[in-house]
Structure formats: C-alpha cells, structure tokens
$ cat upload-v7.pdb   # PDB, C-alpha atoms
ATOM      1  CA  MET A   1       0.000   0.000   0.000
ATOM      2  CA  ARG A   2       1.336   3.422  -0.926
ATOM      3  CA  ASP A   3       1.452   6.391   1.429
ATOM      4  CA  VAL A   4      -0.191   9.349  -0.248
ATOM      5  CA  VAL A   5       0.955  12.743   0.996
ATOM      6  CA  PHE A   6      -0.703  16.016   0.077
ATOM      7  CA  VAL A   7       1.570  18.931  -0.669
ATOM      8  CA  PRO A   8      -0.260  22.064  -1.858
ATOM      9  CA  ASN A   9      -0.840  21.771  -5.610
ATOM     10  CA  ARG A  10       0.597  18.208  -5.733
ATOM     11  CA  ILE A  11      -0.137  14.712  -4.503
ATOM     12  CA  CYS A  12       2.936  12.616  -3.693
ATOM     13  CA  PHE A  13       3.161   8.852  -3.477
ATOM     14  CA  ASN A  14       6.526   8.444  -1.782
ATOM     15  CA  GLN A  15       8.918  10.379   0.404
ATOM     16  CA  LYS A  16      11.240  11.330  -2.478
ATOM     17  CA  GLN A  17       8.343  12.862  -4.412
ATOM     18  CA  GLN A  18       7.207  14.623  -1.227
ATOM     19  CA  VAL A  19      10.648  16.178  -0.672
ATOM     20  CA  GLU A  20      10.913  17.250  -4.327
ATOM     21  CA  ALA A  21       7.412  18.772  -4.287
ATOM     22  CA  SER A  22       8.114  20.542  -0.996
ATOM     23  CA  LYS A  23      11.333  22.065  -2.382
ATOM     24  CA  MET A  24       9.552  23.076  -5.557
ATOM     25  CA  ASN A  25       6.764  24.675  -3.510
ATOM     26  CA  GLN A  26       9.315  26.518  -1.332
ATOM     27  CA  GLN A  27      11.046  27.849  -4.430
ATOM     28  CA  THR A  28       7.747  28.941  -6.004
ATOM     29  CA  THR A  29       6.715  30.679  -2.777
ATOM     30  CA  GLY A  30      10.181  32.253  -2.487
ATOM     31  CA  LYS A  31      10.060  33.645  -6.010
ATOM     32  CA  TYR A  32       6.587  35.011  -5.307
ATOM     33  CA  ILE A  33       7.772  36.761  -2.115
ATOM     34  CA  SER A  34      10.699  38.252  -4.054
ATOM     35  CA  HIS A  35       8.421  39.397  -6.874
ATOM     36  CA  LYS A  36       5.899  41.013  -4.512
ATOM     37  CA  ARG A  37       8.647  42.658  -2.424
ATOM     38  CA  LYS A  38      10.230  44.176  -5.519
ATOM     39  CA  ALA A  39       6.828  45.300  -6.818
ATOM     40  CA  LYS A  40       6.422  47.301  -3.588
ATOM     41  CA  ASN A  41       9.951  48.757  -4.062
ATOM     42  CA  LEU A  42      11.205  47.248  -0.810
ATOM     43  CA  THR A  43      14.691  45.919  -0.154
ATOM     44  CA  GLN A  44      15.179  42.709   1.803
ATOM     45  CA  GLU A  45      16.449  44.825   4.699
ATOM     46  CA  GLN A  46      13.382  47.064   4.696
ATOM     47  CA  LEU A  47      10.978  44.115   4.636
ATOM     48  CA  ALA A  48      13.002  42.366   7.340
ATOM     49  CA  GLU A  49      12.854  45.442   9.552
ATOM     50  CA  ARG A  50       9.087  45.721   9.159
ATOM     51  CA  LEU A  51       8.630  42.030  10.046
ATOM     52  CA  GLY A  52      11.161  41.948  12.878
ATOM     53  CA  VAL A  53      13.388  39.324  11.224
ATOM     54  CA  SER A  54      16.862  39.454   9.680
ATOM     55  CA  ASN A  55      17.517  40.186   6.024
ATOM     56  CA  LYS A  56      19.188  36.753   5.860
ATOM     57  CA  THR A  57      15.835  35.225   6.772
ATOM     58  CA  ILE A  58      14.177  37.075   3.888
ATOM     59  CA  SER A  59      16.941  35.818   1.600
ATOM     60  CA  LYS A  60      16.351  32.225   2.730
ATOM     61  CA  TRP A  61      12.646  32.558   1.955
ATOM     62  CA  GLU A  62      13.275  34.077  -1.462
ATOM     63  CA  THR A  63      15.834  31.442  -2.472
ATOM     64  CA  GLY A  64      13.505  28.629  -1.407
ATOM     65  CA  LYS A  65      15.722  27.350   1.419
ATOM     66  CA  CYS A  66      12.849  27.586   3.880
ATOM     67  CA  LEU A  67       9.337  28.930   4.263
ATOM     68  CA  PRO A  68       8.311  31.755   6.599
ATOM     69  CA  ASP A  69       7.437  30.731  10.148
ATOM     70  CA  TYR A  70       3.709  30.744  10.774
ATOM     71  CA  SER A  71       4.177  33.481  13.380
ATOM     72  CA  VAL A  72       5.176  36.020  10.687
ATOM     73  CA  VAL A  73       3.040  34.819   7.763
ATOM     74  CA  LYS A  74       0.101  37.162   8.455
ATOM     75  CA  ARG A  75       2.354  40.211   8.848
ATOM     76  CA  LEU A  76       4.244  39.230   5.685
ATOM     77  CA  CYS A  77       0.986  38.974   3.761
ATOM     78  CA  GLU A  78      -0.140  42.356   5.091
ATOM     79  CA  GLU A  79       3.149  43.981   4.066
ATOM     80  CA  LEU A  80       3.016  42.473   0.570
ATOM     81  CA  GLU A  81      -0.776  43.021   0.305
ATOM     82  CA  ILE A  82      -1.494  39.383  -0.550
ATOM     83  CA  THR A  83      -3.572  36.612   1.006
ATOM     84  CA  VAL A  84      -2.130  33.610   2.821
ATOM     85  CA  ALA A  85      -3.498  31.350   0.066
ATOM     86  CA  GLU A  86      -1.670  33.391  -2.577
ATOM     87  CA  LEU A  87       1.538  33.166  -0.542
ATOM     88  CA  MET A  88       1.282  29.381  -0.194
ATOM     89  CA  ASP A  89       0.355  28.912  -3.856
ATOM     90  CA  GLY A  90       3.082  31.278  -4.995
ATOM     91  CA  GLU A  91       0.799  33.093  -7.419
ATOM     92  CA  ASP A  92      -1.870  35.760  -7.536
ATOM     93  CA  MET A  93      -5.418  34.526  -7.156
ATOM     94  CA  GLY A  94      -7.553  35.205 -10.200
ATOM     95  CA  LYS A  95     -10.792  37.138  -9.886
ATOM     96  CA  SER A  96     -12.877  34.062 -10.693
ATOM     97  CA  SER A  97     -10.828  31.475  -8.762
ATOM     98  CA  VAL A  98     -12.364  29.667  -5.824
ATOM     99  CA  ARG A  99     -10.366  28.317  -2.863
ATOM    100  CA  ALA A 100     -11.363  25.177  -1.011
ATOM    101  CA  TYR A 101      -9.690  26.429   2.178
ATOM    102  CA  ASP A 102      -9.631  29.651   4.144
ATOM    103  CA  GLU A 103      -6.755  31.543   5.738
ATOM    104  CA  GLU A 104      -7.441  30.252   9.249
ATOM    105  CA  GLN A 105      -7.230  26.655   8.022
ATOM    106  CA  ILE A 106      -3.944  27.377   6.251
ATOM    107  CA  MET A 107      -2.479  29.122   9.307
ATOM    108  CA  ASP A 108      -3.547  26.242  11.548
ATOM    109  CA  LEU A 109      -1.975  23.738   9.150
ATOM    110  CA  LEU A 110       1.271  25.741   9.020
ATOM    111  CA  LYS A 111       1.423  25.960  12.803
ATOM    112  CA  ARG A 112       0.796  22.239  13.244
ATOM    113  CA  THR A 113       3.347  21.301  10.582
ATOM    114  CA  GLN A 114       6.057  23.412  12.183
ATOM    115  CA  GLU A 115       5.229  22.056  15.655
ATOM    116  CA  LEU A 116       5.486  18.489  14.326
ATOM    117  CA  GLU A 117       8.907  19.273  12.829
ATOM    118  CA  LYS A 118      10.104  20.485  16.223
ATOM    119  CA  GLN A 119       8.691  17.388  17.955
ATOM    120  CA  LYS A 120      10.404  15.161  15.400
ATOM    121  CA  ASN A 121      13.770  16.776  16.153
ATOM    122  CA  LEU A 122      13.188  16.361  19.880
ATOM    123  CA  LEU A 123      12.448  12.662  19.386
ATOM    124  CA  TYR A 124      15.613  12.242  17.306
ATOM    125  CA  GLY A 125      17.632  13.739  20.144
ATOM    126  CA  ILE A 126      16.036  11.488  22.753
ATOM    127  CA  LEU A 127      16.623   8.463  20.513
ATOM    128  CA  LEU A 128      20.313   9.366  20.199
ATOM    129  CA  ILE A 129      20.624   9.612  23.990
ATOM    130  CA  VAL A 130      18.898   6.252  24.538
ATOM    131  CA  MET A 131      21.057   4.575  21.900
ATOM    132  CA  GLY A 132      24.151   6.094  23.510
ATOM    133  CA  ILE A 133      23.157   4.676  26.895
ATOM    134  CA  ALA A 134      22.585   1.257  25.326
ATOM    135  CA  LEU A 135      26.001   1.333  23.654
ATOM    136  CA  GLN A 136      27.599   2.386  26.918
ATOM    137  CA  ALA A 137      26.001  -0.593  28.682
ATOM    138  CA  LEU A 138      27.180  -2.856  25.872
ATOM    139  CA  SER A 139      30.735  -1.515  26.161
ATOM    140  CA  HIS A 140      30.908  -2.746  29.770
ATOM    141  CA  THR A 141      30.074  -6.314  28.726
ATOM    142  CA  VAL A 142      33.005  -6.487  26.297
ATOM    143  CA  GLY A 143      36.506  -6.803  27.687
ATOM    144  CA  GLY A 144      39.215  -9.236  28.778
ATOM    145  CA  SER A 145      41.738  -9.227  25.944
ATOM    146  CA  ASN A 146      43.488  -6.434  24.081
ATOM    147  CA  VAL A 147      41.088  -6.669  21.128
ATOM    148  CA  LYS A 148      38.018  -6.804  23.362
ATOM    149  CA  ASP A 149      39.331  -3.875  25.425
ATOM    150  CA  PHE A 150      39.829  -1.922  22.191
ATOM    151  CA  PHE A 151      36.243  -2.584  21.110
ATOM    152  CA  SER A 152      34.999  -1.786  24.608
ATOM    153  CA  GLY A 153      36.756   1.584  24.497
ATOM    154  CA  LEU A 154      35.515   2.210  20.962
ATOM    155  CA  LEU A 155      31.907   1.478  21.983
ATOM    156  CA  LEU A 156      32.301   3.717  25.015
ATOM    157  CA  GLY A 157      33.622   6.572  22.864
ATOM    158  CA  ILE A 158      30.837   6.178  20.320
ATOM    159  CA  SER A 159      28.222   6.066  23.088
ATOM    160  CA  ILE A 160      29.519   9.282  24.634
ATOM    161  CA  ALA A 161      29.595  11.038  21.250
ATOM    162  CA  GLU A 162      26.061   9.813  20.511
ATOM    163  CA  MET A 163      24.732  11.007  23.856
ATOM    164  CA  LEU A 164      26.383  14.419  23.399
ATOM    165  CA  ALA A 165      24.832  14.707  19.930
ATOM    166  CA  GLY A 166      21.464  13.775  21.442
ATOM    167  CA  VAL A 167      21.782  16.396  24.178
ATOM    168  CA  TYR A 168      22.706  18.990  21.528
ATOM    169  CA  VAL A 169      19.677  18.109  19.339
ATOM    170  CA  VAL A 170      17.304  18.115  22.331
ATOM    171  CA  GLY A 171      18.704  21.434  23.568
ATOM    172  CA  LYS A 172      18.416  23.010  20.124
ATOM    173  CA  SER A 173      14.852  21.723  19.779
ATOM    174  CA  LEU A 174      13.822  23.053  23.197
ATOM    175  CA  ARG A 175      15.392  26.461  22.485
ATOM    176  CA  GLN A 176      13.320  26.735  19.302
ATOM    177  CA  LYS A 177      10.133  26.138  21.295
ATOM    178  CA  ALA A 178      10.910  29.034  23.625
TER     179      ALA A 178
END

$ encode --input "upload-v7.pdb" --output "structure tokens"
Amino acid sequence: MRDVVFVPNRICFNQKQQVEASKMNQQTTGKYISHKRKAKNLTQEQLAERLGVSNKTISKWETGKCLPDYSVVKRLCEELEITVAELMDGEDMGKSSVRAYDEEQIMDLLKRTQELEKQKNLLYGILLIVMGIALQALSHTVGGSNVKDFFSGLLLGISIAEMLAGVYVVGKSLRQKA
C-alpha cells in the first residue's frame, strides 16, 4: 500500500516525491515573495525590519531554502498586500478562482506542521541519547583481551559522542520552542 501525501498543488506517493514537491513549492513561494517585495519597491532589509526578522531570513525565503514561520506569515501577507493562500500557492489569485480552504485553516496547518517538525527533532535527540546509553552498557560487557578492550573503548567513545549529539539536538529543539 502506498502512502499518499498532500503537498499544496501536488499529490505525492513516496517520500522522495514529497521532498521534491516541498522544495519546488518553497522555491515557487520564495520567487513570489521576491516578486511582490520588488513590486512594492522594498529591499530585503526594509521588509526584514518591518517584520522583525533578519535580512538573511528574507533571503532564505526568497531562495527557497525555507518557508516563513507561521508566526510572521500574516504580517508578511499584510506587508506584501497578498492573502495567505496566494503566498502558499506562490501566485496571484484570479478574480474568478475559488479556494477550497480559508486563511485560518492554512495558518492552523502551518502551525501544526512546524510544531510536528520540532517534535520530530526532539524525538531524534532522545533516541540518540537512549542509543548512547545502550552502547555504553554494551561496552561494559566487552573486555578481557586487548582486542576486546579496544572494542569496549571504541563502543564507550561512540556512546559518549552519541549522547552528546542527542543532548545537543534536544537542547536546540527546546530552544526553538521558547
């Protein structure tokens, strides 16, 4: 059975297609932000100042490296005089076009998606810590000869590195929530 994933304007049947569609959508949205910003005769710095973000953030949006955080989407749309649906679609809405979703639904979906991304990173960090603890326990069961002592030390080193990586990922994830 195939997993079907909906990405705005595309339906994807596997993870590779989902990633490609997501990147394509980010690039389309980024080009649209750039186009609308230039149409309003704003520099990246001016738009960034109005939104309370850095000009590097604006650059990342416009190059398609990432999408705007849901917390600034409404202000961005107000500054560019566009709707949230137009921003997500990366194109102006025609006079006769009909949308099957409203702005509140889109904002809710954006918020939930970004929260799930943060939770995923937190789980990765916890998994790294647990795996590090398991490797550390395994390293204590190996030993007795020079070769076994070498592998014991190697496992211990890997477990410590894995736990430190896990603590870093968890810390980074928790800082983003704050």

$ closest_residue --input "upload-v7.pdb" --among "A:Leu135, A:Leu155, A:Leu122, A:Met163" --to "Arg175 of chain A" --atoms "all atoms listed in the file"
A:Leu122

$ atom_distance --input "upload-v7.pdb" --atom1 "atom CA of Gln119 of chain A" --atom2 "atom CA of Asp69 of chain A"
15.5 Å

$ residues_around --input "upload-v7.pdb" --residues "segment 32-38 of chain A" --least-positions-apart "5" --cutoff "7 Å" --atoms "all atoms listed in the file" --output "ChimeraX atom specification"
/A:62,80,90-91

$ write_last_selection --input "upload-v7.pdb" --atoms "C-alpha atoms" --output "PDB file, keeping the file's coordinate frame"
ATOM      1  CA  GLU A  62      13.275  34.077  -1.462  1.00  0.00           C
ATOM      2  CA  LEU A  80       3.016  42.473   0.570  1.00  0.00           C
ATOM      3  CA  GLY A  90       3.082  31.278  -4.995  1.00  0.00           C
ATOM      4  CA  GLU A  91       0.799  33.093  -7.419  1.00  0.00           C
TER       5      GLU A  91
END

$ resolve_selection --input "upload-v7.pdb" --expression "the PyMOL selection byres ((chain A and resi 75-78) around 10)" --output "ChimeraX atom specification"
/A:33,36-37,47-48,50-52,68,70-74,79-87

$ closest_residue --input "upload-v7.pdb" --among "A:Ile129, A:Ser59, A:Leu116, A:Leu123" --to "Leu164 of chain A" --atoms "all atoms listed in the file"
A:Ile129

$ closest_residue --input "upload-v7.pdb" --among "A:Glu104, A:Ser139, A:Gly153, A:Gln44" --to "Thr57 of chain A" --atoms "all atoms listed in the file"
A:Gln44

$ atom_distance --input "upload-v7.pdb" --atom1 "atom CA of Val53 of chain A" --atom2 "atom CA of Val167 of chain A"
27.6 Å

$ closest_residue --input "upload-v7.pdb" --among "A:Gln114, A:Leu138, A:Gln26, A:Gly125" --to "Lys172 of chain A" --atoms "only C-alpha atoms"
A:Gly125

$ residues_near_point --input "upload-v7.pdb" --point "(26.9, 7.9, 28.9)" --cutoff "10 Å" --atoms "only C-alpha atoms" --output "list in words"
Ile129, Val130, Met131, Gly132, Ile133, Ala134, Leu135, Gln136, Ala137, Leu156, Gly157, Ile158, Ser159, Ile160, Ala161, Glu162, Met163 and Leu164 of chain A

$ atom_distance --input "upload-v7.pdb" --atom1 "atom CA of Val169 of chain A" --atom2 "atom CA of Asn121 of chain A"
6.8 Å

$ build_atoms --input "upload-v7.pdb" --residues "segment 111-123 of chain A" --atoms "N, CA, C and O atoms" --output "compact mmCIF listing (two decimals), in the coordinates of the input"
# COMPACT_ATOMS: atom_id res chain seq x y z
N LYS A 111 1.01 26.03 11.40
CA LYS A 111 1.42 25.96 12.80
C LYS A 111 1.64 24.50 13.22
O LYS A 111 2.66 24.16 13.81
N ARG A 112 0.69 23.65 12.88
CA ARG A 112 0.80 22.24 13.24
C ARG A 112 1.99 21.56 12.57
O ARG A 112 2.70 20.78 13.20
N THR A 113 2.22 21.89 11.31
CA THR A 113 3.35 21.30 10.58
C THR A 113 4.66 21.69 11.23
O THR A 113 5.54 20.85 11.44
N GLN A 114 4.82 22.96 11.57
CA GLN A 114 6.06 23.41 12.18
C GLN A 114 6.23 22.85 13.59
O GLN A 114 7.34 22.52 14.00
N GLU A 115 5.14 22.67 14.33
CA GLU A 115 5.23 22.06 15.66
C GLU A 115 5.63 20.58 15.54
O GLU A 115 6.43 20.09 16.35
N LEU A 116 5.11 19.89 14.54
CA LEU A 116 5.49 18.49 14.33
C LEU A 116 6.96 18.36 13.96
O LEU A 116 7.63 17.41 14.39
N GLU A 117 7.49 19.28 13.18
CA GLU A 117 8.91 19.27 12.83
C GLU A 117 9.76 19.40 14.09
O GLU A 117 10.74 18.70 14.25
N LYS A 118 9.36 20.30 14.98
CA LYS A 118 10.10 20.48 16.22
C LYS A 118 10.02 19.24 17.10
O LYS A 118 11.01 18.83 17.71
N GLN A 119 8.84 18.61 17.16
CA GLN A 119 8.69 17.39 17.95
C GLN A 119 9.53 16.26 17.37
O GLN A 119 10.12 15.48 18.11
N LYS A 120 9.60 16.19 16.05
CA LYS A 120 10.40 15.16 15.40
C LYS A 120 11.87 15.32 15.79
O LYS A 120 12.53 14.34 16.14
N ASN A 121 12.38 16.53 15.78
CA ASN A 121 13.77 16.78 16.15
C ASN A 121 14.02 16.42 17.62
O ASN A 121 15.06 15.87 17.97
N LEU A 122 13.07 16.71 18.47
CA LEU A 122 13.19 16.36 19.88
C LEU A 122 13.27 14.85 20.04
O LEU A 122 14.10 14.33 20.78
N LEU A 123 12.43 14.12 19.31
CA LEU A 123 12.45 12.66 19.39
C LEU A 123 13.76 12.09 18.86
O LEU A 123 14.28 11.12 19.41
